[in-house]
Number of protein chains: 4
Amino acid sequence: MFSIFETEIIVRPDDIDMNNHVHNSKYLDYLLMARYDQMRKDYKVPMEVFVERGYSWVASTTHIDFKREIKLGDKIVVRTQVNSFEGAQVKVNFWIMKAETNKVAAEGWSVYTLVSVATGKPTRIPEDIIKHYTV
Amino acid sequence: MFSIFETEIIVRPDDIDMNNHVHNSKYLDYLLMARYDQMRKDYKVPMEVFVERGYSWVASTTHIDFKREIKLGDKIVVRTQVNSFEGAQVKVNFWIMKAETNKVAAEGWSVYTLVSVATGKPTRIPEDIIKHYTV
Amino acid sequence: MFSIFETEIIVRPDDIDMNNHVHNSKYLDYLLMARYDQMRKDYKVPMEVFVERGYSWVASTTHIDFKREIKLGDKIVVRTQVNSFEGAQVKVNFWIMKAETNKVAAEGWSVYTLVSVATGKPTRIPEDIIKHYTV
Amino acid sequence: MFSIFETEIIVRPDDIDMNNHVHNSKYLDYLLMARYDQMRKDYKVPMEVFVERGYSWVASTTHIDFKREIKLGDKIVVRTQVNSFEGAQVKVNFWIMKAETNKVAAEGWSVYTLVSVATGKPTRIPEDIIKHYTV
């Protein structure tokens, strides 16, 4: 019912930490990058549309299992898939893949909440957005 | 049995994102900062000691619930508490607090795995380390 | 005529790069942190006041000489001093010091331009601001 | 005598700061990314070769003029060109371009110093490296 979409990420030297691999918090940055990219390219509702309509997305929960280190020079693909909608929230599963080996570097899920910028409160995800996301 | 330790964090302008609050991946950086600080000041086993003994810690799982935004100028306190040991792993609970209101900005837990640098494999946490951590 | 002000910075693990010292772009983040801190504590004109008055500061030029590496655990003090004002611009000299040895880790200068948020154009620095900065 | 080489950079959401444009220290990260990329693709001497030979590059000076803001979604191209060699140092000019308009977002130069990892001291750039860089 919900497609898996992909975004390639190029690791930058500033992503590497003292352990000579991608720093663990950068995985969340890669995930966010992928969601932005896929909102535009796959769901056809870029973030700007949410902003114009007075909405903002915030991360409410993230669960991530780190499986393999990522090194500078590795090719990375971030896959995400909507899992479910409930009220103001969408749950999204993700996999951060090493492209050369097709092995999972990290996997997990995030819950994002749609917020009205005017009130700062969670707001039910509109039907037309759910429709765009149901591809 | 396991104490809760605290580390104050000063929010930097480069931690703030386009939504005008602390970027969500920075919460993991604050947690890491707190663990380093508490390893030295509270457990009396700074990271250098692990490195000298041929060990490294890696994050295996992180679960985080984002509760409240953090703004530039907010005073932050990161509390962590060992939850349990199992083989090569330690589970640590954490709370990222807004100091002025004593409200939780984020909470969750991480599992860290002790790795032998020589073999790259998980290695059972030595008894003397567990003893240092059991305060 | 222009005082030198100081801000202590605590190095975080996420500031360290693959060379096991503070990443070079982080020096600019330390400088920005110091300017924010000193605007509030020393000039008594915090950034919020500029924002309320419809202004924003942007960096126009930065020149930095990297002299010594900074390691995790080093105590850092960032000193800045206004050098001169000209129209919409202020030139600020800075020194990033290693506190234990009082040696310079990096030094340089930045030119910041005051911009009107409404027009996006540079705007002459008001006399009352120059007065606050002339301490 | 020295060619200008190019690297495309994709702006990530975590590069954007509270002013809703790419944070100024990230320009140095883009430059570093470009140098790494061009060392491999254009000079045919990737960083790993330096490491294998017991060398490391450190930035000694960076001078950067910020000309235009970069927004999320902008296409960026970083151009760099060797300017000159002297002893252990190479001076490199750079331009961070907005690809759609071919306008300069920032420009400047950096001096990098070759360091022997064993001694920690600057070391004369070997002739074969200069030859690889002279394309």
# chains A, B, ... in the order shown; residues from 1 in each chain; ligands from 1
>>> select_by_dssp(residues="chain D", states="strand (DSSP E)", output="ChimeraX atom specification")
/D:4-10,55-66,75-86,89-98,103-116
>>> residues_around(residues="D:Met1", least_positions_apart="3", cutoff="10 Å", atoms="only C-alpha atoms", output="list in words")
Ile4, Gln81, Val82, Asn83, Thr134 and Val135 of chain D
>>> interface_residues(of="chain B", to="chain D", cutoff="6 Å", atoms="only C-alpha atoms", output="PyMOL selection string")
chain B and resi 16-18+20
>>> write_last_selection(atoms="N, CA and C atoms", output="PDB file, in the first residue's frame")
ATOM      1  N   ILE B  16      21.002  25.525  16.132  1.00  0.00           N
ATOM      2  CA  ILE B  16      19.634  25.965  15.819  1.00  0.00           C
ATOM      3  C   ILE B  16      19.367  25.750  14.331  1.00  0.00           C
ATOM      4  N   ASP B  17      18.200  25.251  13.999  1.00  0.00           N
ATOM      5  CA  ASP B  17      17.900  24.985  12.589  1.00  0.00           C
ATOM      6  C   ASP B  17      16.876  25.973  12.032  1.00  0.00           C
ATOM      7  N   MET B  18      16.404  25.708  10.836  1.00  0.00           N
ATOM      8  CA  MET B  18      15.513  26.646  10.144  1.00  0.00           C
ATOM      9  C   MET B  18      14.190  26.850  10.883  1.00  0.00           C
ATOM     10  N   ASN B  20      14.082  27.467  13.973  1.00  0.00           N
ATOM     11  CA  ASN B  20      14.417  28.373  15.070  1.00  0.00           C
ATOM     12  C   ASN B  20      14.467  27.678  16.437  1.00  0.00           C
TER      13      ASN B  20
END
>>> residues_around(residues="stretch 30-45 of chain A", least_positions_apart="6", cutoff="6 Å", atoms="only C-alpha atoms", output="PyMOL selection string")
(chain A and resi 7+132-133) or (chain D and resi 12)
>>> residues_around(residues="stretch 54-66 of chain D", least_positions_apart="5", cutoff="10 Å", atoms="only C-alpha atoms", output="ChimeraX atom specification")
/C:19,24,58-69,106-111 /D:24,27-28,32,47-49,88-96,104-123,125
>>> select_by_dssp(residues="chain A", states="alpha helix (DSSP H)", output="JSON, numbers by chain")
{"A": [26, 27, 28, 29, 30, 31, 32, 33, 34, 35, 36, 37, 38, 39, 40, 41, 47, 48, 49, 50, 51, 52, 127, 128, 129, 130, 131, 132, 133]}
>>> residues_around(residues="stretch 99-101 of chain C", least_positions_apart="5", cutoff="12 Å", atoms="only C-alpha atoms", output="JSON, numbers by chain")
{"C": [6, 7, 8, 9, 10, 68, 70, 73, 74, 75, 76, 77, 78, 79]}
>>> write_last_selection(atoms="N, CA and C atoms", output="PDB file, in the first residue's frame")
ATOM      1  N   GLU C   6      35.566  38.017  26.566  1.00  0.00           N
ATOM      2  CA  GLU C   6      35.898  36.591  26.549  1.00  0.00           C
ATOM      3  C   GLU C   6      34.681  35.702  26.747  1.00  0.00           C
ATOM      4  N   THR C   7      34.714  34.567  26.112  1.00  0.00           N
ATOM      5  CA  THR C   7      33.676  33.549  26.287  1.00  0.00           C
ATOM      6  C   THR C   7      34.353  32.182  26.342  1.00  0.00           C
ATOM      7  N   GLU C   8      34.019  31.431  27.366  1.00  0.00           N
ATOM      8  CA  GLU C   8      34.537  30.062  27.451  1.00  0.00           C
ATOM      9  C   GLU C   8      33.687  29.119  26.610  1.00  0.00           C
ATOM     10  N   ILE C   9      34.339  28.212  25.934  1.00  0.00           N
ATOM     11  CA  ILE C   9      33.631  27.234  25.110  1.00  0.00           C
ATOM     12  C   ILE C   9      34.044  25.841  25.577  1.00  0.00           C
ATOM     13  N   ILE C  10      33.069  24.960  25.710  1.00  0.00           N
ATOM     14  CA  ILE C  10      33.379  23.571  26.035  1.00  0.00           C
ATOM     15  C   ILE C  10      33.307  22.755  24.742  1.00  0.00           C
ATOM     16  N   ARG C  68      47.104  26.163  16.132  1.00  0.00           N
ATOM     17  CA  ARG C  68      47.311  24.958  16.937  1.00  0.00           C
ATOM     18  C   ARG C  68      46.022  24.155  16.947  1.00  0.00           C
ATOM     19  N   ILE C  70      43.035  21.871  18.491  1.00  0.00           N
ATOM     20  CA  ILE C  70      42.285  21.812  19.752  1.00  0.00           C
ATOM     21  C   ILE C  70      41.784  20.390  19.902  1.00  0.00           C
ATOM     22  N   GLY C  73      38.554  17.915  25.475  1.00  0.00           N
ATOM     23  CA  GLY C  73      39.052  18.072  26.835  1.00  0.00           C
ATOM     24  C   GLY C  73      39.806  19.382  27.029  1.00  0.00           C
ATOM     25  N   ASP C  74      40.257  19.994  25.914  1.00  0.00           N
ATOM     26  CA  ASP C  74      40.911  21.309  26.029  1.00  0.00           C
ATOM     27  C   ASP C  74      39.900  22.359  26.489  1.00  0.00           C
ATOM     28  N   LYS C  75      40.379  23.293  27.295  1.00  0.00           N
ATOM     29  CA  LYS C  75      39.555  24.452  27.671  1.00  0.00           C
ATOM     30  C   LYS C  75      39.837  25.565  26.666  1.00  0.00           C
ATOM     31  N   ILE C  76      38.764  26.129  26.133  1.00  0.00           N
ATOM     32  CA  ILE C  76      38.884  27.137  25.080  1.00  0.00           C
ATOM     33  C   ILE C  76      38.295  28.457  25.552  1.00  0.00           C
ATOM     34  N   VAL C  77      38.975  29.537  25.248  1.00  0.00           N
ATOM     35  CA  VAL C  77      38.420  30.866  25.488  1.00  0.00           C
ATOM     36  C   VAL C  77      38.462  31.628  24.161  1.00  0.00           C
ATOM     37  N   VAL C  78      37.321  32.193  23.776  1.00  0.00           N
ATOM     38  CA  VAL C  78      37.275  32.994  22.554  1.00  0.00           C
ATOM     39  C   VAL C  78      37.227  34.467  22.943  1.00  0.00           C
ATOM     40  N   ARG C  79      38.243  35.211  22.493  1.00  0.00           N
ATOM     41  CA  ARG C  79      38.308  36.644  22.738  1.00  0.00           C
ATOM     42  C   ARG C  79      37.942  37.378  21.458  1.00  0.00           C
TER      43      ARG C  79
END
>>> atom_distance(atom1="atom CA of C:Asn102", atom2="atom CA of C:Lys71")
14.7 Å
>>> atom_distance(atom1="atom CA of B:Phe85", atom2="atom CA of B:Pro46")
18.4 Å
